[in-house]
Each structure stands twice: as C-alpha cells, then as structure tokens.
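Just below is one structure, and these are the notes that go with it.
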Amino acid sequence: MSDQVLPRLGVNIDHIATLRNARGGAHPDPVAGAREAIACGADGITAHLREDRRHIRDEDLERLQALCHETGVPLNMEMAAVDPMLKIALATKPHAVCMVPERREERTTEGGLDVAGLHNIVTPMVRDLRENGSRVSLFIEAAERQIMAAATTGADIIELHTGAYAHALDDGDTARAGEILKALQQGVKLAASLGLEVHAGHGLTFDNVGDIAAIPEVMELNIGHFLIGESVFMGLRGAIEKMRDCIAEGRK
Ligand code: PXP
C-alpha cells in the first residue's frame with residue numbers, strides 16, 4: 001500500500017427508506033441504517049430529501065442530523081436547487097449540502113446540475129448555505145463549462161456524476177467507458193486547479209469504483225444503491241468493508 005490518503009466513503013442511505021416506504025410502516029429505519037453504517041466505517045452519511053419525498057422524509061432528515069451531530073460524522077444533504085429545499089437546509093444546518101438536478105419522472109438523479117445555465121439561481125443559494133455554516137457541493141457532469149461555472153458560484157466542492165461511466169461499463173462498451181473516464185480524470189484536474197474539492201458518485205459498485213478511486217484528487221465517494229442492495233447478501237458491514245477494500249485497491 002502507498003501512503004496515499006484514501007477517499008472518504010459517504011454512504012447514501014436513501015434506499016433503506018425506499019424499502020420502508022414500500023410497506024408504509026417504520027421498518028427498516030434509515031436512521032438505524034445510518035447508525036449501523038457509521039459503526040461499520042462510513043466516513044459520512046448522505047441523504048437526498050427529494051421534492052416528492054419518495055424515500056427520505058423531513059423527520060428522517062432531522063433525526064439524521066441529530067445522529068450525525070451525536071457521532072461527529074458529517075451529514076451530506078442532497079437537494080434540488082429550489083427555495084423550499086433551501087429553507088429546509090438552512091433550518092437543518094447539515095455539515096454539507098449537495099445541490100442536484102431533480103425531475104419528478106426520473107427514477108434517480110439523471111445527469112448533472114446545469115450550473116452554467118442556473119448560475120443566477122445557484123450562486124445566491126451557495127452564499128446563503130455557506131453563510132449558514134454548511135459546505136456546499138454541486139453535482140455536475142465533468143464538462144469544462146460546468147466546472148468553470150461551478151468555480152464562480154463560491155461552492156466549496158463539486159461532485160462529479162459517474163453514472164454514465166457506470167452505464168457504459170454495464171453495457172460492455174469499454175471504448176465509451178474509457179472516453180468518459182478520461183473526461184472525469186481531466187475534469188477532476190481542472191476542478192482541483194481551480195481550488196475546488198472534488199467528490200464523485202452515482203452508480204458505483206465493487207467492480208467500477210477502482211478507476212474512480214484511483215484519481216488522486218478525488219476526496220470522497222458517495223455510494224448508495226449498490227451498497228444497500230448488496231447488504232441483502234453480505235450485510236451492511238460486509239458491503240461497506242468490501243467497498244473500502246475496493247477503494248483502497250484502486251488508490252494503490
Ligand atoms: N451522489 C449524488 C449526488 C446522488 O444524487 C446519488 C444518488 O442519490 C449518489 C451519489 C449515489 O448514487 P447511487 O445510489 O447510484 O450509488
């Protein structure tokens with residue numbers, strides 16, 4: 001092993017709530033899941049309060065913030081760049097807020113936030129959140145235009161969308177995956193040169209996390225659906241520990 005610092009692993013617990021909501025009761029509790037993820041080595045907890053509340057609900061977010069406060073583990077709240085969500089984020093005061101694009105008809109967050117197009121909306125939100133004590137992250141594609149725009153909003157962090165890379169690999173299109181990986185590598189370098197901290201996430205699995213973890217400036221990986229799904233087979237501890245091993249292997 002080199003003495004490289006490993007990227008932090010943020011565990012997204014949204015889909016524990018998806019499972020709970022499928023039956024309408026209280027089980028399984030995403031906050032209990034977050035507590036377990038922390039006990040198993042998660043460096044942070046990520047939760048997306050969607051406008052349609054399809055998984056995480058307002059009271060989950062409040063309890064997650066209390067848990068993260070109690071344990072000292074950072075909470076990363078994902079939200080759409082809209083005023084009602086801004087209000088909730090300002091009241092919750094999570095360690096970090098990640099602004100993401102949101103469309104009601106989508107199954108998951110498809111594509112990155114158009115920070116270049118929404119600059120006038122995003123910039124004052126970034127300012128308000130930072131003044132309120134949260135770090136601010138923008139979830140974007142690894143496109144030069146978006147990275148340059150993100151840098152001028154005053155955001156602390158960009159999180160690069162790795163979904164297209166994951167899909168290309170799933171489709172067996174290694175040429176396309178190689179092109180996307182190159183764009184991600186170049187995007188990370190550009191962002192770091194502009195003083196932005198760089199995170200990455202979406203669609204990451206044991207098989208595809210290595211090349212993303214290998215990019216030295218990537219400081220954090222946010223992973224949800226695969227980890228929660230895999231924990232059916234190997235438990236949350238097994239899934240988190242194996243993911244950490246894959247990340248360490250990639251960073252070697
Ligand atoms: N990062 C961001 C900004 C996201 O919106 C999501 C999905 O909610 C993730 C990471 C995690 O993606 P996945 O569930 O595919 O691991």
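Scheme for the structure tokens: letters A, B, ... for chains in order shown; per-chain residue numbers from 1; ligand numbers from 1 in order shown.
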Quiz item: Which parts of range 73-171 of chain A does DSSP call strand (DSSP E) when run on the backbone here, written out as a PyMOL selection string?
Solution: chain A and resi 75-80+96-100+135-140+157-161
Self-check item: Surrounding residues of Leu138 in chain A excluding itself and chain neighbours under 6 positions, 7 Å, only C-alpha atoms, as JSON, numbers by chain
Solution: {"A": [98, 99, 100, 157, 158, 159]}
Can I get the selected residues back with N, CA and C atoms, as a compact mmCIF listing (two decimals), in the first residue's frame?
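The result, stored in out33.txt:
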```txt
# COMPACT_ATOMS: atom_id res chain seq x y z
N CYS A 98 -25.44 19.19 -0.95
CA CYS A 98 -25.08 18.93 -2.34
C CYS A 98 -26.29 19.23 -3.21
N MET A 99 -26.16 20.21 -4.09
CA MET A 99 -27.28 20.56 -4.97
C MET A 99 -27.27 19.67 -6.20
N VAL A 100 -28.42 19.08 -6.46
CA VAL A 100 -28.54 18.11 -7.56
C VAL A 100 -29.72 18.52 -8.46
N ILE A 157 -17.13 22.61 -3.21
CA ILE A 157 -16.91 21.25 -3.71
C ILE A 157 -17.68 21.07 -5.02
N ILE A 158 -17.15 20.24 -5.93
CA ILE A 158 -18.02 19.67 -6.96
C ILE A 158 -18.03 18.16 -6.76
N GLU A 159 -19.18 17.56 -7.01
CA GLU A 159 -19.25 16.10 -7.06
C GLU A 159 -19.49 15.74 -8.52
```
Self-check item: Neighbourhood of ligand 1 at 10 Å, counting only C-alpha atoms and all ligand atoms, reported as a VMD selection string
Solution: chain A and resid 10 to 15 46 to 50 76 to 80 97 to 102 107 to 113 137 to 140 158 to 163 166 199 to 205 221 to 229
Exercise. Find the residues around range 30-32 of chain A up to 6 Å (only C-alpha atoms counted), leave out those fewer than 3 positions away in its own chain, and share them as a PyMOL selection string.
Key: chain A and resi 16-17+35+64
Writing out the chosen residues with N, CA, C and O atoms as a PDB file, in the first residue's frame:
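part.pdb, freshly written:
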```pdb
ATOM      1  N   ILE A  16     -32.713   2.565   2.034  1.00  0.00           N
ATOM      2  CA  ILE A  16     -33.293   1.909   3.219  1.00  0.00           C
ATOM      3  C   ILE A  16     -34.706   2.498   3.412  1.00  0.00           C
ATOM      4  O   ILE A  16     -35.660   1.773   3.702  1.00  0.00           O
ATOM      5  N   ALA A  17     -34.811   3.795   3.166  1.00  0.00           N
ATOM      6  CA  ALA A  17     -36.128   4.447   3.258  1.00  0.00           C
ATOM      7  C   ALA A  17     -37.062   3.981   2.136  1.00  0.00           C
ATOM      8  O   ALA A  17     -38.272   3.848   2.347  1.00  0.00           O
ATOM      9  N   ARG A  35     -26.846   4.691  11.505  1.00  0.00           N
ATOM     10  CA  ARG A  35     -26.079   4.384  12.721  1.00  0.00           C
ATOM     11  C   ARG A  35     -25.201   3.149  12.489  1.00  0.00           C
ATOM     12  O   ARG A  35     -24.028   3.122  12.846  1.00  0.00           O
ATOM     13  N   LEU A  64     -31.456  12.271  11.236  1.00  0.00           N
ATOM     14  CA  LEU A  64     -30.104  12.035  10.702  1.00  0.00           C
ATOM     15  C   LEU A  64     -29.149  13.136  11.157  1.00  0.00           C
ATOM     16  O   LEU A  64     -28.003  12.863  11.526  1.00  0.00           O
TER      17      LEU A  64
END
```
Quiz item: Looking at only C-alpha atoms, which of A:Val5, A:Leu67, A:Leu181, A:Ile247 is the one that sits closest to Gly33 in chain A?
Solution: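 Counting only C-alpha atoms, the residue closest to Gly33 in chain A is A:Leu67.
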Quiz item: What lies within 12 Å of Ile121 in chain A using only C-alpha atoms, ignoring chain neighbours under 3 positions off, as a list of chain:residue names?
Solution: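 Within the cut-off, the hits are A:Ala80, A:Ala81, A:Val82, A:Asp83, A:Leu86, A:Met99, A:Leu113, A:Asp114, A:Val115, A:Ala116, A:Gly117, A:Leu118, A:Pro124, A:Met125, A:Val126, A:Arg127, A:Asp128, A:Thr153.
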Quiz item: Which residues, written as a PyMOL selection string, have at least one atom at most 8 Å from range 130-134 of chain A, with only C-alpha atoms counted and residues fewer than 4 positions away on the same chain left out?
Solution: chain A and resi 90+93-97+126
Exercise. Write down as a ChimeraX atom specification the residues of range 57-178 of chain A whose backbone DSSP state falls under alpha helix (DSSP H).
Key: /A:58-71,83-92,119-131,144-151,163-170,174-178
Quiz prompt | Using only C-alpha atoms: which of A:Lys87, A:Arg23, A:Lys189, A:His167 has the shortest distance to Pro216 in chain A | solution =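 That would be A:Lys189, the residue with the smallest distance to Pro216 in chain A.
Nearest-residue note for Cys68 in chain A: choosing from A:Ala42, A:Ile215, A:Ala164, A:Val232, the minimum distance belongs to A:Ala42, counting only C-alpha atoms.
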Exercise. Quick one: pull the distance between CA of Asp58 in chain A and CA of Leu236 in chain A, Å, one decimal.
Key: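 Computing it gives 24.0 Å between the two atoms.
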Quiz item: Quick one: residues within 10 Å of Thr174 in chain A, only C-alpha atoms counted, chain neighbours fewer than 6 positions away excluded, as a ChimeraX atom specification?
Solution: /A:165,168,180
